[in-house]
Amino acid sequence: MSPSPKPDMAQEGLDPRTAVLPWLHALSRGPRGSRDLDAGQARTLMHWLLQGQLSDAQAGAALVALRMKSESAVELEGFTRAVLDAVPPLASTRATVCLSSLNGTRRLPNQVPLLAALLQRRGIPVLVLGAEQQDGRAHTLPLWQGLGLPVAAGREQAGQALERGEAIYLDLDGLSPELRRVLRWREELGVRNSAHAVAKLLAPVRGPSLLLASYTHADYAPRMTHVLSALRQPALISRGCEGEVPAHPERAAQWLRVDAQGCVHAEADEAAPTDEAASARARAAAQDGAQTLAWSRDVLDGRETLPMALEGQLRRIEALFAHLPRRAAPEGVAPA
């Protein structure tokens with residue numbers, strides 16, 4: 001395992017508002033002059049952002065500069081480690097599937113609650129981290145509640161639900177108010193920031209976990225695998241459906257798999273799904289939340305065909321989940 005990059009210890013004891021200035025200068029010099037932070041600097045910067053130790057102007061400048069430059073894989077690793085430093089894992093010791101649902105969908109149905117419900121039926125606990133936003137997209141929480149799936153009031157309740165083998169939704173505010181606060185900078189700046197990418201890389205549970213992650217832009221795929229490989233986090237990554245984890249019902253998926261040793265494996269579906277009628281019904285269900293909810297219920301009750309792409313994704317997840325240890329090993333004992 002590669003050594004964990006530590007926060008920039010040279011910054012200890014200094015005023016963050018002064019120490020951050022050369023980093024802002026490095027990040028903000030335009031497409032030809034910008035310089036990436038190293039992993040320790042990135043870890044420290046995210047720590048300061050989480051703790052609110054920068055001025056609003058400095059925080060906004062850092063987030064916009066990173067958006068314009070785009071985070072490097074090393075910076076994304078540092079940011080992710082800073083969040084993991086600050087977020088104690090949920091107490092459940094059971095093997096769990098973890099995913100974040102942040103994007104929502106516009107043209108296709110939001111299948112996150114459907115995927116979670118189907119996994120739970122197969123005996124797989126599921127943690128969904130969400131952050132509702134008023135952006136005109138179909139987000140997960142209303143559909144989740146419409147299907148009667150439980151929503152955790154906080155960390156303790158989420159851990160208990162996972163221990164019972166349930167699928168549970170937890171708002172990022174309940175996991176890390178600090179990370180949620182950084183995400184909310186989108187409302188002030190008008191663009192997503194690095195916290196959005198980090199949230200997709202979190203599997204904050206004590207027990208073994210399989211992370212499901214998605215990307216919208218292809219250049220994020222190698223950055224995500226870099227981080228998850230460094231963390232030795234088992235994961236299944238794909239482009240997904242409008243940035244959400246469930247498989248696109250009309251497109252052959254490309255899969256990136258990270259194993260427990262940090263090795264990355266590339267795989268692909270042999271062909272695009274061929275059930276055009278089912279795909280058309282799924283697309284029609286995205287017209288409003290009521291239709292999406294009715295379609296999801298029909299799939300769960302067997303009145304509607306499960307999209308072939310989602311069925312294939314479920315098989316992949318089940319196969320990978322089967323290789324996880326069933327529970328966290330007792331302290332001082334290596335996992336089986």
# chains A, B, ... in the order shown; residues from 1 in each chain; ligands from 1
>>> select_by_dssp(residues="region 12-158 of chain A", states="helix (DSSP H, G or I)", output="JSON, numbers by chain")
{"A": [16, 17, 18, 19, 21, 22, 23, 24, 25, 26, 27, 30, 31, 32, 33, 39, 40, 41, 42, 43, 44, 45, 46, 47, 48, 49, 50, 51, 56, 57, 58, 59, 60, 61, 62, 63, 64, 65, 66, 67, 68, 69, 73, 74, 75, 76, 77, 78, 79, 80, 81, 82, 83, 84, 85, 86, 112, 113, 114, 115, 116, 117, 118, 119, 120, 121, 140, 141, 142, 143, 144, 145, 146, 155, 156, 157, 158]}
>>> residues_around(residues="Thr80 (chain A)", least_positions_apart="4", cutoff="10 Å", atoms="only C-alpha atoms", output="PyMOL selection string")
chain A and resi 42-43+46+74-76+84-85+194-195+197-202+227-228+231
>>> closest_residue(among="A:Ala203, A:Gly165, A:Ala82, A:Arg35", to="Leu129 (chain A)", atoms="only C-alpha atoms")
A:Ala203
>>> atom_distance(atom1="CA of Thr44 (chain A)", atom2="CA of His226 (chain A)")
19.2 Å
>>> residues_around(residues="Ala294 (chain A)", least_positions_apart="5", cutoff="9 Å", atoms="only C-alpha atoms", output="list in words")
Ala285, Gly289 and Val299 of chain A
>>> select_by_dssp(residues="region 195-288 of chain A", states="strand (DSSP E)", output="list in words")
Ser209, Leu210, Leu211, Leu212, Ala213, Ser214, Ala235, Leu236, Ile237, Ser238, Gln254, Trp255, Leu256, Arg257, Val258, Val264, His265, Ala266, Glu267 and Ala268 of chain A
>>> write_last_selection(atoms="C-alpha atoms", output="mmCIF file, in the first residue's frame")
data_model
loop_
_atom_site.group_PDB
_atom_site.id
_atom_site.type_symbol
_atom_site.label_atom_id
_atom_site.label_comp_id
_atom_site.auth_asym_id
_atom_site.auth_seq_id
_atom_site.Cartn_x
_atom_site.Cartn_y
_atom_site.Cartn_z
ATOM 1 C CA SER A 209 -17.679 -2.406 1.779
ATOM 2 C CA LEU A 210 -18.102 -2.320 -1.975
ATOM 3 C CA LEU A 211 -18.292 1.229 -3.303
ATOM 4 C CA LEU A 212 -20.424 1.936 -6.365
ATOM 5 C CA ALA A 213 -19.325 5.124 -8.079
ATOM 6 C CA SER A 214 -20.106 6.944 -11.298
ATOM 7 C CA ALA A 235 -15.223 -0.518 -5.993
ATOM 8 C CA LEU A 236 -17.185 -0.780 -9.215
ATOM 9 C CA ILE A 237 -17.108 2.365 -11.342
ATOM 10 C CA SER A 238 -18.941 3.246 -14.529
ATOM 11 C CA GLN A 254 -17.641 0.189 -19.509
ATOM 12 C CA TRP A 255 -16.681 -0.979 -16.017
ATOM 13 C CA LEU A 256 -13.652 -0.204 -13.881
ATOM 14 C CA ARG A 257 -13.208 -2.490 -10.914
ATOM 15 C CA VAL A 258 -10.836 -1.867 -7.990
ATOM 16 C CA VAL A 264 -7.639 -1.865 -11.299
ATOM 17 C CA HIS A 265 -9.449 -4.061 -13.840
ATOM 18 C CA ALA A 266 -11.231 -2.790 -16.967
ATOM 19 C CA GLU A 267 -14.234 -4.707 -18.263
ATOM 20 C CA ALA A 268 -17.058 -4.024 -20.713
#
>>> residues_around(residues="Leu170 (chain A)", least_positions_apart="2", cutoff="7 Å", atoms="only C-alpha atoms", output="PyMOL selection string")
chain A and resi 128-130+151-152+154+158+168+172+174
>>> decode(residues="region 49-88 of chain A", atoms="N, CA and C atoms", output="mmCIF file, in the first residue's frame")
data_model
loop_
_atom_site.group_PDB
_atom_site.id
_atom_site.type_symbol
_atom_site.label_atom_id
_atom_site.label_comp_id
_atom_site.auth_asym_id
_atom_site.auth_seq_id
_atom_site.Cartn_x
_atom_site.Cartn_y
_atom_site.Cartn_z
ATOM 1 N N LEU A 49 -11.002 23.966 4.512
ATOM 2 C CA LEU A 49 -12.338 24.213 3.971
ATOM 3 C C LEU A 49 -13.412 23.579 4.855
ATOM 4 N N LEU A 50 -13.162 22.350 5.302
ATOM 5 C CA LEU A 50 -14.132 21.663 6.157
ATOM 6 C C LEU A 50 -14.322 22.392 7.478
ATOM 7 N N GLN A 51 -13.243 22.924 8.018
ATOM 8 C CA GLN A 51 -13.301 23.579 9.326
ATOM 9 C C GLN A 51 -13.676 25.056 9.235
ATOM 10 N N GLY A 52 -13.869 25.560 8.019
ATOM 11 C CA GLY A 52 -14.228 26.967 7.856
ATOM 12 C C GLY A 52 -13.142 27.921 8.287
ATOM 13 N N GLN A 53 -11.866 27.531 8.048
ATOM 14 C CA GLN A 53 -10.746 28.339 8.525
ATOM 15 C C GLN A 53 -10.241 29.353 7.497
ATOM 16 N N LEU A 54 -10.861 29.363 6.323
ATOM 17 C CA LEU A 54 -10.513 30.359 5.316
ATOM 18 C C LEU A 54 -11.626 31.396 5.239
ATOM 19 N N SER A 55 -11.290 32.586 4.751
ATOM 20 C CA SER A 55 -12.332 33.580 4.512
ATOM 21 C C SER A 55 -13.240 33.091 3.385
ATOM 22 N N ASP A 56 -14.438 33.668 3.309
ATOM 23 C CA ASP A 56 -15.341 33.290 2.223
ATOM 24 C C ASP A 56 -14.706 33.557 0.864
ATOM 25 N N ALA A 57 -14.003 34.659 0.747
ATOM 26 C CA ALA A 57 -13.355 34.982 -0.529
ATOM 27 C C ALA A 57 -12.302 33.937 -0.874
ATOM 28 N N GLN A 58 -11.512 33.516 0.104
ATOM 29 C CA GLN A 58 -10.473 32.519 -0.151
ATOM 30 C C GLN A 58 -11.068 31.157 -0.479
ATOM 31 N N ALA A 59 -12.106 30.753 0.278
ATOM 32 C CA ALA A 59 -12.747 29.470 -0.002
ATOM 33 C C ALA A 59 -13.341 29.467 -1.399
ATOM 34 N N GLY A 60 -14.055 30.518 -1.762
ATOM 35 C CA GLY A 60 -14.639 30.597 -3.098
ATOM 36 C C GLY A 60 -13.575 30.608 -4.179
ATOM 37 N N ALA A 61 -12.481 31.343 -3.942
ATOM 38 C CA ALA A 61 -11.406 31.401 -4.927
ATOM 39 C C ALA A 61 -10.773 30.026 -5.131
ATOM 40 N N ALA A 62 -10.536 29.310 -4.032
ATOM 41 C CA ALA A 62 -9.922 27.980 -4.143
ATOM 42 C C ALA A 62 -10.828 27.026 -4.906
ATOM 43 N N LEU A 63 -12.125 27.034 -4.596
ATOM 44 C CA LEU A 63 -13.049 26.098 -5.229
ATOM 45 C C LEU A 63 -13.232 26.408 -6.712
ATOM 46 N N VAL A 64 -13.300 27.691 -7.062
ATOM 47 C CA VAL A 64 -13.447 28.049 -8.476
ATOM 48 C C VAL A 64 -12.156 27.759 -9.237
ATOM 49 N N ALA A 65 -11.008 28.047 -8.634
ATOM 50 C CA ALA A 65 -9.736 27.760 -9.307
ATOM 51 C C ALA A 65 -9.588 26.270 -9.573
ATOM 52 N N LEU A 66 -9.964 25.441 -8.605
ATOM 53 C CA LEU A 66 -9.901 23.992 -8.807
ATOM 54 C C LEU A 66 -10.890 23.546 -9.876
ATOM 55 N N ARG A 67 -12.044 24.191 -9.923
ATOM 56 C CA ARG A 67 -13.024 23.868 -10.956
ATOM 57 C C ARG A 67 -12.477 24.218 -12.339
ATOM 58 N N MET A 68 -11.844 25.369 -12.458
ATOM 59 C CA MET A 68 -11.307 25.806 -13.752
ATOM 60 C C MET A 68 -10.131 24.945 -14.177
ATOM 61 N N LYS A 69 -9.246 24.638 -13.222
ATOM 62 C CA LYS A 69 -8.060 23.831 -13.532
ATOM 63 C C LYS A 69 -8.412 22.363 -13.645
ATOM 64 N N SER A 70 -9.359 21.909 -12.835
ATOM 65 C CA SER A 70 -9.769 20.518 -12.640
ATOM 66 C C SER A 70 -8.776 19.816 -11.722
ATOM 67 N N GLU A 71 -9.312 19.111 -10.737
ATOM 68 C CA GLU A 71 -8.451 18.476 -9.738
ATOM 69 C C GLU A 71 -7.590 17.401 -10.391
ATOM 70 N N SER A 72 -6.340 17.331 -9.979
ATOM 71 C CA SER A 72 -5.490 16.206 -10.373
ATOM 72 C C SER A 72 -5.869 14.987 -9.545
ATOM 73 N N ALA A 73 -5.410 13.820 -9.968
ATOM 74 C CA ALA A 73 -5.659 12.599 -9.196
ATOM 75 C C ALA A 73 -5.054 12.717 -7.806
ATOM 76 N N VAL A 74 -3.871 13.308 -7.705
ATOM 77 C CA VAL A 74 -3.199 13.449 -6.409
ATOM 78 C C VAL A 74 -3.963 14.414 -5.508
ATOM 79 N N GLU A 75 -4.449 15.512 -6.078
ATOM 80 C CA GLU A 75 -5.255 16.441 -5.282
ATOM 81 C C GLU A 75 -6.538 15.770 -4.788
ATOM 82 N N LEU A 76 -7.190 15.021 -5.667
ATOM 83 C CA LEU A 76 -8.430 14.344 -5.272
ATOM 84 C C LEU A 76 -8.169 13.332 -4.163
ATOM 85 N N GLU A 77 -7.019 12.671 -4.219
ATOM 86 C CA GLU A 77 -6.660 11.759 -3.132
ATOM 87 C C GLU A 77 -6.495 12.513 -1.818
ATOM 88 N N GLY A 78 -5.789 13.628 -1.856
ATOM 89 C CA GLY A 78 -5.605 14.418 -0.632
ATOM 90 C C GLY A 78 -6.917 14.916 -0.074
ATOM 91 N N PHE A 79 -7.802 15.401 -0.954
ATOM 92 C CA PHE A 79 -9.115 15.876 -0.497
ATOM 93 C C PHE A 79 -9.900 14.740 0.157
ATOM 94 N N THR A 80 -9.883 13.571 -0.473
ATOM 95 C CA THR A 80 -10.653 12.440 0.048
ATOM 96 C C THR A 80 -10.113 11.996 1.399
ATOM 97 N N ARG A 81 -8.803 11.939 1.535
ATOM 98 C CA ARG A 81 -8.218 11.543 2.818
ATOM 99 C C ARG A 81 -8.569 12.551 3.909
ATOM 100 N N ALA A 82 -8.641 13.836 3.568
ATOM 101 C CA ALA A 82 -9.007 14.839 4.568
ATOM 102 C C ALA A 82 -10.424 14.602 5.073
ATOM 103 N N VAL A 83 -11.343 14.272 4.172
ATOM 104 C CA VAL A 83 -12.720 14.001 4.593
ATOM 105 C C VAL A 83 -12.774 12.733 5.429
ATOM 106 N N LEU A 84 -12.060 11.685 5.021
ATOM 107 C CA LEU A 84 -12.048 10.452 5.809
ATOM 108 C C LEU A 84 -11.419 10.680 7.181
ATOM 109 N N ASP A 85 -10.427 11.580 7.267
ATOM 110 C CA ASP A 85 -9.864 11.946 8.569
ATOM 111 C C ASP A 85 -10.948 12.479 9.499
ATOM 112 N N ALA A 86 -11.903 13.229 8.911
ATOM 113 C CA ALA A 86 -12.875 13.971 9.717
ATOM 114 C C ALA A 86 -14.179 13.230 9.946
ATOM 115 N N VAL A 87 -14.395 12.101 9.264
ATOM 116 C CA VAL A 87 -15.682 11.395 9.325
ATOM 117 C C VAL A 87 -15.489 10.038 9.983
ATOM 118 N N PRO A 88 -15.891 9.867 11.241
ATOM 119 C CA PRO A 88 -15.823 8.529 11.852
ATOM 120 C C PRO A 88 -16.735 7.570 11.092
#
